[in-house]
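Undergrad: Data file my_file31.csv (CSV, N, CA and C atoms) is appended below.
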chain,number,residue,atom,x,y,z
U,1,MET,N,6.3,18.8,-1.3
U,1,MET,CA,7.0,18.4,-0.1
U,1,MET,C,7.8,17.2,-0.4
U,2,GLN,N,9.0,17.2,0.2
U,2,GLN,CA,9.9,16.0,0.0
U,2,GLN,C,9.9,15.2,1.3
U,3,GLN,N,9.7,13.9,1.2
U,3,GLN,CA,9.8,13.1,2.4
U,3,GLN,C,10.5,11.8,2.0
U,4,GLY,N,11.6,11.6,2.6
U,4,GLY,CA,12.4,10.3,2.4
U,4,GLY,C,12.7,10.0,0.9
U,5,GLY,N,13.0,11.0,0.1
U,5,GLY,CA,13.4,10.7,-1.3
U,5,GLY,C,12.2,10.6,-2.3
U,6,GLY,N,10.9,10.6,-1.8
U,6,GLY,CA,9.8,10.6,-2.6
U,6,GLY,C,9.0,11.9,-2.6
U,7,SER,N,8.2,12.1,-3.5
U,7,SER,CA,7.4,13.3,-3.5
U,7,SER,C,6.0,13.0,-3.0
U,8,GLU,N,5.4,13.9,-2.3
U,8,GLU,CA,4.0,13.7,-1.7
U,8,GLU,C,3.0,14.3,-2.7
U,9,THR,N,2.2,13.5,-3.3
U,9,THR,CA,1.2,13.9,-4.2
U,9,THR,C,-0.2,13.6,-3.7
U,10,GLU,N,-1.1,14.5,-3.7
U,10,GLU,CA,-2.4,14.3,-3.2
U,10,GLU,C,-3.2,13.3,-4.1
U,11,VAL,N,-3.9,12.4,-3.5
U,11,VAL,CA,-4.6,11.4,-4.2
U,11,VAL,C,-6.1,11.9,-4.2
U,12,THR,N,-6.6,12.2,-5.4
U,12,THR,CA,-7.9,12.7,-5.6
U,12,THR,C,-8.9,11.5,-5.7
U,13,TRP,N,-10.2,11.8,-5.6
U,13,TRP,CA,-11.2,10.8,-5.7
U,13,TRP,C,-11.1,10.1,-7.1
U,14,GLU,N,-10.8,10.8,-8.1
U,14,GLU,CA,-10.7,10.3,-9.5
U,14,GLU,C,-9.4,9.4,-9.5
U,15,ASP,N,-8.4,9.8,-8.9
U,15,ASP,CA,-7.2,8.9,-8.8
U,15,ASP,C,-7.5,7.6,-8.2
U,16,GLN,N,-8.2,7.7,-7.1
U,16,GLN,CA,-8.5,6.4,-6.3
U,16,GLN,C,-9.4,5.5,-7.2
U,17,GLN,N,-10.3,6.1,-8.0
U,17,GLN,CA,-11.2,5.4,-8.9
U,17,GLN,C,-10.3,4.7,-9.9
U,18,ASN,N,-9.4,5.4,-10.5
U,18,ASN,CA,-8.5,4.8,-11.5
U,18,ASN,C,-7.6,3.6,-10.9
U,19,ILE,N,-7.2,3.8,-9.7
U,19,ILE,CA,-6.4,2.8,-9.0
U,19,ILE,C,-7.3,1.6,-8.8
U,20,ASN,N,-8.5,1.8,-8.3
U,20,ASN,CA,-9.5,0.7,-8.1
U,20,ASN,C,-9.8,0.0,-9.4
U,21,LYS,N,-10.0,0.7,-10.4
U,21,LYS,CA,-10.3,0.2,-11.7
U,21,LYS,C,-9.1,-0.7,-12.2
U,22,PHE,N,-7.9,-0.2,-12.0
U,22,PHE,CA,-6.7,-1.0,-12.4
U,22,PHE,C,-6.7,-2.3,-11.7
U,23,GLY,N,-7.0,-2.2,-10.4
U,23,GLY,CA,-7.0,-3.5,-9.6
U,23,GLY,C,-8.0,-4.5,-10.1
U,24,ARG,N,-9.2,-4.0,-10.4
U,24,ARG,CA,-10.3,-4.9,-10.9
U,24,ARG,C,-9.9,-5.5,-12.3
U,25,LEU,N,-9.3,-4.6,-13.1
U,25,LEU,CA,-8.8,-5.1,-14.4
U,25,LEU,C,-7.7,-6.2,-14.3
U,26,ASN,N,-6.8,-5.9,-13.3
U,26,ASN,CA,-5.7,-6.9,-13.0
U,26,ASN,C,-6.3,-8.2,-12.6
U,27,ASN,N,-7.3,-8.2,-11.7
U,27,ASN,CA,-7.9,-9.4,-11.3
U,27,ASN,C,-8.6,-10.1,-12.4
U,28,ARG,N,-9.3,-9.4,-13.3
U,28,ARG,CA,-10.0,-10.0,-14.4
U,28,ARG,C,-8.9,-10.6,-15.4
U,29,LEU,N,-7.8,-9.9,-15.5
U,29,LEU,CA,-6.7,-10.4,-16.4
U,29,LEU,C,-6.3,-11.8,-15.9
U,30,HIS,N,-6.1,-11.9,-14.6
U,30,HIS,CA,-5.7,-13.2,-14.0
U,30,HIS,C,-6.8,-14.3,-14.3
U,31,GLU,N,-8.0,-13.9,-14.1
U,31,GLU,CA,-9.1,-14.8,-14.4
U,31,GLU,C,-9.1,-15.3,-15.8
U,32,LEU,N,-8.9,-14.3,-16.7
U,32,LEU,CA,-8.9,-14.6,-18.2
U,32,LEU,C,-7.7,-15.6,-18.5
U,33,HIS,N,-6.6,-15.4,-17.9
U,33,HIS,CA,-5.4,-16.3,-18.1
U,33,HIS,C,-5.9,-17.7,-17.7
U,34,ASP,N,-6.5,-17.9,-16.6
U,34,ASP,CA,-7.0,-19.2,-16.2
U,34,ASP,C,-8.0,-19.8,-17.1
U,35,GLU,N,-9.0,-18.9,-17.5
U,35,GLU,CA,-10.1,-19.4,-18.4
U,35,GLU,C,-9.5,-19.7,-19.8
U,36,ILE,N,-8.5,-19.0,-20.3
U,36,ILE,CA,-7.9,-19.3,-21.6
U,36,ILE,C,-7.1,-20.6,-21.5
U,37,LYS,N,-6.5,-20.8,-20.4
U,37,LYS,CA,-5.7,-22.1,-20.2
U,37,LYS,C,-6.7,-23.3,-20.2
U,38,ILE,N,-7.8,-23.1,-19.5
U,38,ILE,CA,-8.8,-24.2,-19.5
U,38,ILE,C,-9.4,-24.4,-20.9
U,39,ALA,N,-9.7,-23.4,-21.6
U,39,ALA,CA,-10.3,-23.5,-22.9
U,39,ALA,C,-9.3,-24.2,-23.9
U,40,LYS,N,-8.0,-23.8,-23.8
U,40,LYS,CA,-7.0,-24.4,-24.6
U,40,LYS,C,-6.9,-25.9,-24.3
U,41,GLU,N,-6.9,-26.3,-23.0
U,41,GLU,CA,-6.9,-27.7,-22.7
U,41,GLU,C,-8.1,-28.4,-23.2
U,42,ALA,N,-9.2,-27.8,-23.1
U,42,ALA,CA,-10.5,-28.5,-23.6
U,42,ALA,C,-10.4,-28.7,-25.1
U,43,ASN,N,-9.9,-27.7,-25.8
U,43,ASN,CA,-9.7,-27.7,-27.2
U,43,ASN,C,-8.7,-28.9,-27.6
U,44,ASP,N,-7.6,-29.0,-26.9
U,44,ASP,CA,-6.7,-30.0,-27.1
U,44,ASP,C,-7.3,-31.4,-26.9
U,45,ASN,N,-8.1,-31.5,-25.8
U,45,ASN,CA,-8.7,-32.8,-25.5
U,45,ASN,C,-9.7,-33.2,-26.6
U,46,LEU,N,-10.4,-32.2,-27.1
U,46,LEU,CA,-11.4,-32.5,-28.1
U,46,LEU,C,-10.6,-32.9,-29.4
U,47,GLU,N,-9.5,-32.3,-29.7
U,47,GLU,CA,-8.7,-32.7,-30.8
U,47,GLU,C,-8.2,-34.1,-30.7
U,48,ASP,N,-7.7,-34.4,-29.5
U,48,ASP,CA,-7.3,-35.8,-29.2
U,48,ASP,C,-8.4,-36.8,-29.4
U,49,ALA,N,-9.6,-36.5,-28.9
U,49,ALA,CA,-10.7,-37.3,-29.0
U,49,ALA,C,-11.1,-37.5,-30.5
U,50,SER,N,-11.0,-36.5,-31.2
U,50,SER,CA,-11.4,-36.5,-32.7
U,50,SER,C,-10.4,-37.5,-33.4
U,51,ASN,N,-9.1,-37.3,-33.1
U,51,ASN,CA,-8.1,-38.2,-33.7
U,51,ASN,C,-8.3,-39.6,-33.3
U,52,GLU,N,-8.6,-39.9,-32.0
U,52,GLU,CA,-8.8,-41.3,-31.6
U,52,GLU,C,-10.0,-41.9,-32.3
U,53,LEU,N,-11.0,-41.0,-32.5
U,53,LEU,CA,-12.2,-41.5,-33.2
U,53,LEU,C,-12.0,-41.9,-34.6
U,54,ILE,N,-11.1,-41.1,-35.3
U,54,ILE,CA,-10.7,-41.5,-36.6
U,54,ILE,C,-10.0,-42.8,-36.7
U,55,LEU,N,-9.2,-43.1,-35.7
U,55,LEU,CA,-8.5,-44.4,-35.6
U,55,LEU,C,-9.3,-45.6,-35.3
U,56,THR,N,-10.5,-45.4,-34.7
U,56,THR,CA,-11.3,-46.6,-34.3
U,56,THR,C,-12.1,-47.1,-35.5
U,57,ASP,N,-12.3,-48.4,-35.5
U,57,ASP,CA,-13.1,-49.0,-36.6
U,57,ASP,C,-14.4,-49.5,-36.1
U,58,GLU,N,-14.8,-49.1,-34.9
U,58,GLU,CA,-16.1,-49.5,-34.3
U,58,GLU,C,-17.2,-48.5,-34.8
U,59,GLU,N,-18.4,-49.0,-35.0
U,59,GLU,CA,-19.5,-48.1,-35.5
U,59,GLU,C,-20.2,-47.5,-34.3
U,60,VAL,N,-20.1,-48.1,-33.1
U,60,VAL,CA,-20.7,-47.5,-31.9
U,60,VAL,C,-19.6,-47.3,-30.9
U,61,VAL,N,-19.5,-46.1,-30.4
U,61,VAL,CA,-18.5,-45.8,-29.4
U,61,VAL,C,-19.1,-45.3,-28.1
U,62,ARG,N,-18.3,-45.4,-27.0
U,62,ARG,CA,-18.8,-44.8,-25.8
U,62,ARG,C,-18.5,-43.4,-25.8
U,63,PHE,N,-19.5,-42.6,-25.4
U,63,PHE,CA,-19.4,-41.1,-25.4
U,63,PHE,C,-19.9,-40.6,-24.0
U,64,GLN,N,-19.1,-39.8,-23.4
U,64,GLN,CA,-19.5,-39.3,-22.1
U,64,GLN,C,-20.4,-38.2,-22.2
U,65,ILE,N,-21.6,-38.3,-21.5
U,65,ILE,CA,-22.6,-37.3,-21.5
U,65,ILE,C,-22.8,-37.0,-20.0
U,66,GLY,N,-22.3,-35.8,-19.5
U,66,GLY,CA,-22.4,-35.5,-18.1
U,66,GLY,C,-21.4,-36.5,-17.4
U,67,GLU,N,-22.0,-37.3,-16.5
U,67,GLU,CA,-21.2,-38.2,-15.7
U,67,GLU,C,-21.3,-39.6,-16.1
U,68,VAL,N,-22.1,-39.9,-17.2
U,68,VAL,CA,-22.3,-41.3,-17.6
U,68,VAL,C,-21.8,-41.4,-19.0
U,69,PHE,N,-21.5,-42.7,-19.4
U,69,PHE,CA,-21.1,-43.0,-20.7
U,69,PHE,C,-22.3,-43.7,-21.4
U,70,ALA,N,-22.5,-43.3,-22.7
U,70,ALA,CA,-23.6,-43.9,-23.5
U,70,ALA,C,-22.9,-44.4,-24.8
U,71,HIS,N,-23.6,-45.5,-25.3
U,71,HIS,CA,-23.1,-46.0,-26.6
U,71,HIS,C,-23.8,-45.2,-27.7
U,72,VAL,N,-23.0,-44.5,-28.5
U,72,VAL,CA,-23.5,-43.6,-29.5
U,72,VAL,C,-22.9,-44.0,-30.8
U,73,PRO,N,-23.7,-43.9,-31.9
U,73,PRO,CA,-23.1,-44.1,-33.2
U,73,PRO,C,-21.9,-43.2,-33.5
U,74,LYS,N,-20.9,-43.7,-34.2
U,74,LYS,CA,-19.6,-43.0,-34.4
U,74,LYS,C,-19.9,-41.7,-35.2
U,75,ASP,N,-20.8,-41.7,-36.1
U,75,ASP,CA,-21.1,-40.5,-36.9
U,75,ASP,C,-21.6,-39.4,-36.0
U,76,GLU,N,-22.5,-39.7,-35.1
U,76,GLU,CA,-23.1,-38.8,-34.2
U,76,GLU,C,-22.0,-38.2,-33.3
U,77,VAL,N,-21.1,-39.0,-32.8
U,77,VAL,CA,-20.0,-38.6,-31.9
U,77,VAL,C,-19.1,-37.6,-32.7
U,78,GLU,N,-18.8,-37.9,-33.9
U,78,GLU,CA,-17.9,-37.1,-34.7
U,78,GLU,C,-18.6,-35.7,-34.9
U,79,SER,N,-19.9,-35.7,-35.2
U,79,SER,CA,-20.6,-34.4,-35.3
U,79,SER,C,-20.6,-33.6,-34.0
U,80,ARG,N,-20.9,-34.3,-32.9
U,80,ARG,CA,-20.9,-33.7,-31.6
U,80,ARG,C,-19.5,-33.1,-31.2
U,81,ILE,N,-18.5,-33.8,-31.5
U,81,ILE,CA,-17.1,-33.3,-31.2
U,81,ILE,C,-16.8,-32.1,-32.0
U,82,GLU,N,-17.2,-32.1,-33.3
U,82,GLU,CA,-17.0,-30.9,-34.2
U,82,GLU,C,-17.7,-29.7,-33.6
U,83,GLN,N,-19.0,-29.9,-33.1
U,83,GLN,CA,-19.7,-28.8,-32.6
U,83,GLN,C,-19.0,-28.3,-31.3
U,84,LEU,N,-18.6,-29.2,-30.5
U,84,LEU,CA,-17.9,-28.8,-29.2
U,84,LEU,C,-16.6,-28.1,-29.5
U,85,GLN,N,-15.9,-28.5,-30.6
U,85,GLN,CA,-14.6,-27.8,-30.9
U,85,GLN,C,-14.9,-26.4,-31.4
U,86,GLU,N,-16.0,-26.3,-32.2
U,86,GLU,CA,-16.3,-25.0,-32.8
U,86,GLU,C,-16.7,-24.0,-31.6
U,87,ALA,N,-17.5,-24.5,-30.7
U,87,ALA,CA,-17.9,-23.7,-29.6
U,87,ALA,C,-16.8,-23.3,-28.7
U,88,THR,N,-15.9,-24.3,-28.5
U,88,THR,CA,-14.7,-24.0,-27.6
U,88,THR,C,-13.8,-23.0,-28.3
U,89,SER,N,-13.6,-23.1,-29.6
U,89,SER,CA,-12.8,-22.2,-30.4
U,89,SER,C,-13.4,-20.8,-30.3
U,90,GLN,N,-14.7,-20.6,-30.5
U,90,GLN,CA,-15.3,-19.3,-30.4
U,90,GLN,C,-15.1,-18.7,-29.0
U,91,LYS,N,-15.3,-19.6,-28.0
U,91,LYS,CA,-15.1,-19.1,-26.6
U,91,LYS,C,-13.7,-18.6,-26.4
U,92,LEU,N,-12.7,-19.4,-26.9
U,92,LEU,CA,-11.3,-19.0,-26.8
U,92,LEU,C,-11.0,-17.7,-27.5
U,93,GLU,N,-11.6,-17.5,-28.7
U,93,GLU,CA,-11.5,-16.3,-29.4
U,93,GLU,C,-12.0,-15.1,-28.6
U,94,LYS,N,-13.2,-15.2,-28.0
U,94,LYS,CA,-13.8,-14.2,-27.2
U,94,LYS,C,-12.9,-13.8,-26.0
U,95,LEU,N,-12.4,-14.9,-25.4
U,95,LEU,CA,-11.6,-14.6,-24.2
U,95,LEU,C,-10.3,-13.9,-24.6
U,96,GLU,N,-9.7,-14.2,-25.7
U,96,GLU,CA,-8.5,-13.6,-26.2
U,96,GLU,C,-8.8,-12.1,-26.5
U,97,GLU,N,-10.0,-11.8,-27.1
U,97,GLU,CA,-10.3,-10.4,-27.4
U,97,GLU,C,-10.5,-9.7,-26.1
U,98,GLU,N,-11.2,-10.3,-25.2
U,98,GLU,CA,-11.4,-9.6,-23.9
U,98,GLU,C,-10.1,-9.3,-23.2
U,99,LYS,N,-9.1,-10.3,-23.3
U,99,LYS,CA,-7.8,-10.1,-22.7
U,99,LYS,C,-7.1,-8.9,-23.3
U,100,GLN,N,-7.2,-8.8,-24.7
U,100,GLN,CA,-6.6,-7.7,-25.3
U,100,GLN,C,-7.2,-6.3,-24.9
U,101,SER,N,-8.5,-6.3,-24.7
U,101,SER,CA,-9.2,-5.1,-24.3
U,101,SER,C,-8.7,-4.7,-22.9
U,102,VAL,N,-8.6,-5.7,-22.0
U,102,VAL,CA,-8.2,-5.5,-20.6
U,102,VAL,C,-6.8,-5.0,-20.5
U,103,VAL,N,-5.9,-5.6,-21.3
U,103,VAL,CA,-4.5,-5.1,-21.4
U,103,VAL,C,-4.4,-3.7,-21.9
U,104,ALA,N,-5.2,-3.3,-22.9
U,104,ALA,CA,-5.2,-2.0,-23.4
U,104,ALA,C,-5.7,-1.0,-22.4
U,105,GLN,N,-6.8,-1.3,-21.6
U,105,GLN,CA,-7.3,-0.4,-20.6
U,105,GLN,C,-6.3,-0.3,-19.5
U,106,MET,N,-5.6,-1.4,-19.1
U,106,MET,CA,-4.6,-1.3,-18.0
U,106,MET,C,-3.4,-0.4,-18.5
U,107,SER,N,-3.1,-0.5,-19.7
U,107,SER,CA,-2.0,0.3,-20.2
U,107,SER,C,-2.3,1.8,-20.2
U,108,GLU,N,-3.5,2.2,-20.5
U,108,GLU,CA,-4.0,3.6,-20.4
U,108,GLU,C,-4.0,4.0,-19.0
U,109,LEU,N,-4.5,3.2,-18.1
U,109,LEU,CA,-4.5,3.6,-16.7
U,109,LEU,C,-3.0,3.7,-16.1
U,110,LYS,N,-2.1,2.9,-16.6
U,110,LYS,CA,-0.7,3.0,-16.1
U,110,LYS,C,-0.1,4.3,-16.6
U,111,LYS,N,-0.4,4.7,-17.8
U,111,LYS,CA,0.1,6.0,-18.3
U,111,LYS,C,-0.4,7.1,-17.4
U,112,ILE,N,-1.7,7.1,-17.1
U,112,ILE,CA,-2.3,8.2,-16.3
U,112,ILE,C,-1.7,8.2,-14.9
U,113,LEU,N,-1.7,7.0,-14.3
U,113,LEU,CA,-1.2,6.9,-12.9
U,113,LEU,C,0.3,7.2,-12.7
U,114,TYR,N,1.1,6.6,-13.6
U,114,TYR,CA,2.5,6.8,-13.5
U,114,TYR,C,2.8,8.3,-13.9
U,115,GLY,N,2.0,8.9,-14.8
U,115,GLY,CA,2.2,10.3,-15.1
U,115,GLY,C,2.0,11.2,-13.9
U,116,LYS,N,1.0,10.8,-13.1
U,116,LYS,CA,0.8,11.7,-11.9
U,116,LYS,C,1.7,11.3,-10.7
U,117,PHE,N,1.8,10.0,-10.5
U,117,PHE,CA,2.5,9.6,-9.2
U,117,PHE,C,4.0,9.2,-9.4
U,118,GLY,N,4.4,9.0,-10.7
U,118,GLY,CA,5.8,8.6,-10.9
U,118,GLY,C,6.1,7.3,-10.2
U,119,GLU,N,7.2,7.4,-9.5
U,119,GLU,CA,7.7,6.2,-8.7
U,119,GLU,C,7.0,6.0,-7.4
U,120,SER,N,6.1,6.9,-7.1
U,120,SER,CA,5.4,6.7,-5.8
U,120,SER,C,4.3,5.6,-5.8
U,121,ILE,N,4.1,5.1,-7.0
U,121,ILE,CA,3.1,4.0,-7.2
U,121,ILE,C,3.7,2.9,-8.0
U,122,ASN,N,3.3,1.7,-7.6
U,122,ASN,CA,3.9,0.5,-8.3
U,122,ASN,C,2.7,-0.3,-8.8
U,123,LEU,N,2.6,-0.4,-10.1
U,123,LEU,CA,1.5,-1.1,-10.8
U,123,LEU,C,2.0,-2.4,-11.4
U,124,GLU,N,3.3,-2.7,-11.3
U,124,GLU,CA,3.9,-3.9,-11.9
U,124,GLU,C,3.8,-5.0,-10.9
U,125,GLU,N,3.6,-6.2,-11.5
U,125,GLU,CA,3.6,-7.4,-10.7
U,125,GLU,C,5.0,-7.9,-10.5
U,126,ASP,N,5.2,-8.5,-9.3
U,126,ASP,CA,6.5,-9.1,-9.0
U,126,ASP,C,6.7,-10.5,-9.5
Could you render the structure from this file as structure tokens?
TA:
Amino acid sequence: MQQGGGSETEVTWEDQQNINKFGRLNNRLHELHDEIKIAKEANDNLEDASNELILTDEEVVRFQIGEVFAHVPKDEVESRIEQLQEATSQKLEKLEEEKQSVVAQMSELKKILYGKFGESINLEED
């Protein structure tokens, strides 16, 4: 049936599940973008802290633990920053992998949904 230049296609239960899954994946993609941005900023901050630590000639430095600052030996702070950088890098790597997986799943769903509905459905963001 033709109505107003578009074609009427019946939406099955499976189609609705695919549309819902695409929406969930799209939301997760936005969350991942935010989490990746935060992880990159944290990594940059740790890199800056490491560089500042190299420049200092003090043996005991102030190190923030939670909401307080403690006087900690420089060697211990260097070790702690390296551990934090490694953990942040691993987290960033996992987030990037998850992002790639989500994008691939969304691409497959786009093929399926555009194949069935054509221009009757819009899965692109504005």
Undergrad: Where in region 14-99 of chain U does DSSP assign strand (DSSP E), given as a list in words?
TA: Val60, Val61, Arg62, Phe63, Gln64, Ile65, Val68, Phe69, Ala70, His71, Val72 and Pro73 of chain U
Undergrad: Counting only C-alpha atoms, what are the residues of region 23-101 of chain U within 12 Å of region 115-123 of chain U, and for each of them which pair of atoms is the nearest and at what distance in Å, to one decimal? Sort the table by chain and rising number, as a tab-separated table.
TA:
residue	atom	partner	partner_atom	distance
U:Gly23	CA	U:Leu123	CA	8.9
U:Leu25	CA	U:Leu123	CA	11.6
U:Asn26	CA	U:Leu123	CA	9.5
Undergrad: Pick out the closest residue to Thr12 (chain U) from this set: U:Leu113, U:Ile36, U:Val60, U:Met106. Count only C-alpha atoms.
TA: U:Leu113
Undergrad: Just give me the gap between atom C of Asp34 (chain U) and atom C of Phe69 (chain U) in Å, one decimal is fine.
TA: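 A separation of 28.2 Å between them.
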Undergrad: At a cut-off of 5 Å, using only N, CA and C atoms, what residues contact region 74-86 of chain U? Leave out same-chain residues fewer than 3 positions from it and give the result as a list in words.
TA: Glu59, Val60, Val61, Ser89 and Gln90 of chain U
Undergrad: Would you mind reading off the distance between CA of Ile19 (chain U) and atom N of Glu98 (chain U), one decimal, in Å?
TA: 21.4 Å
Undergrad: In Å to one decimal, how far is CA of His30 (chain U) from atom N of Lys94 (chain U)?
TA: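 One can read the atom N of Lys94 (chain U) to CA of His30 (chain U) distance as 16.0 Å.
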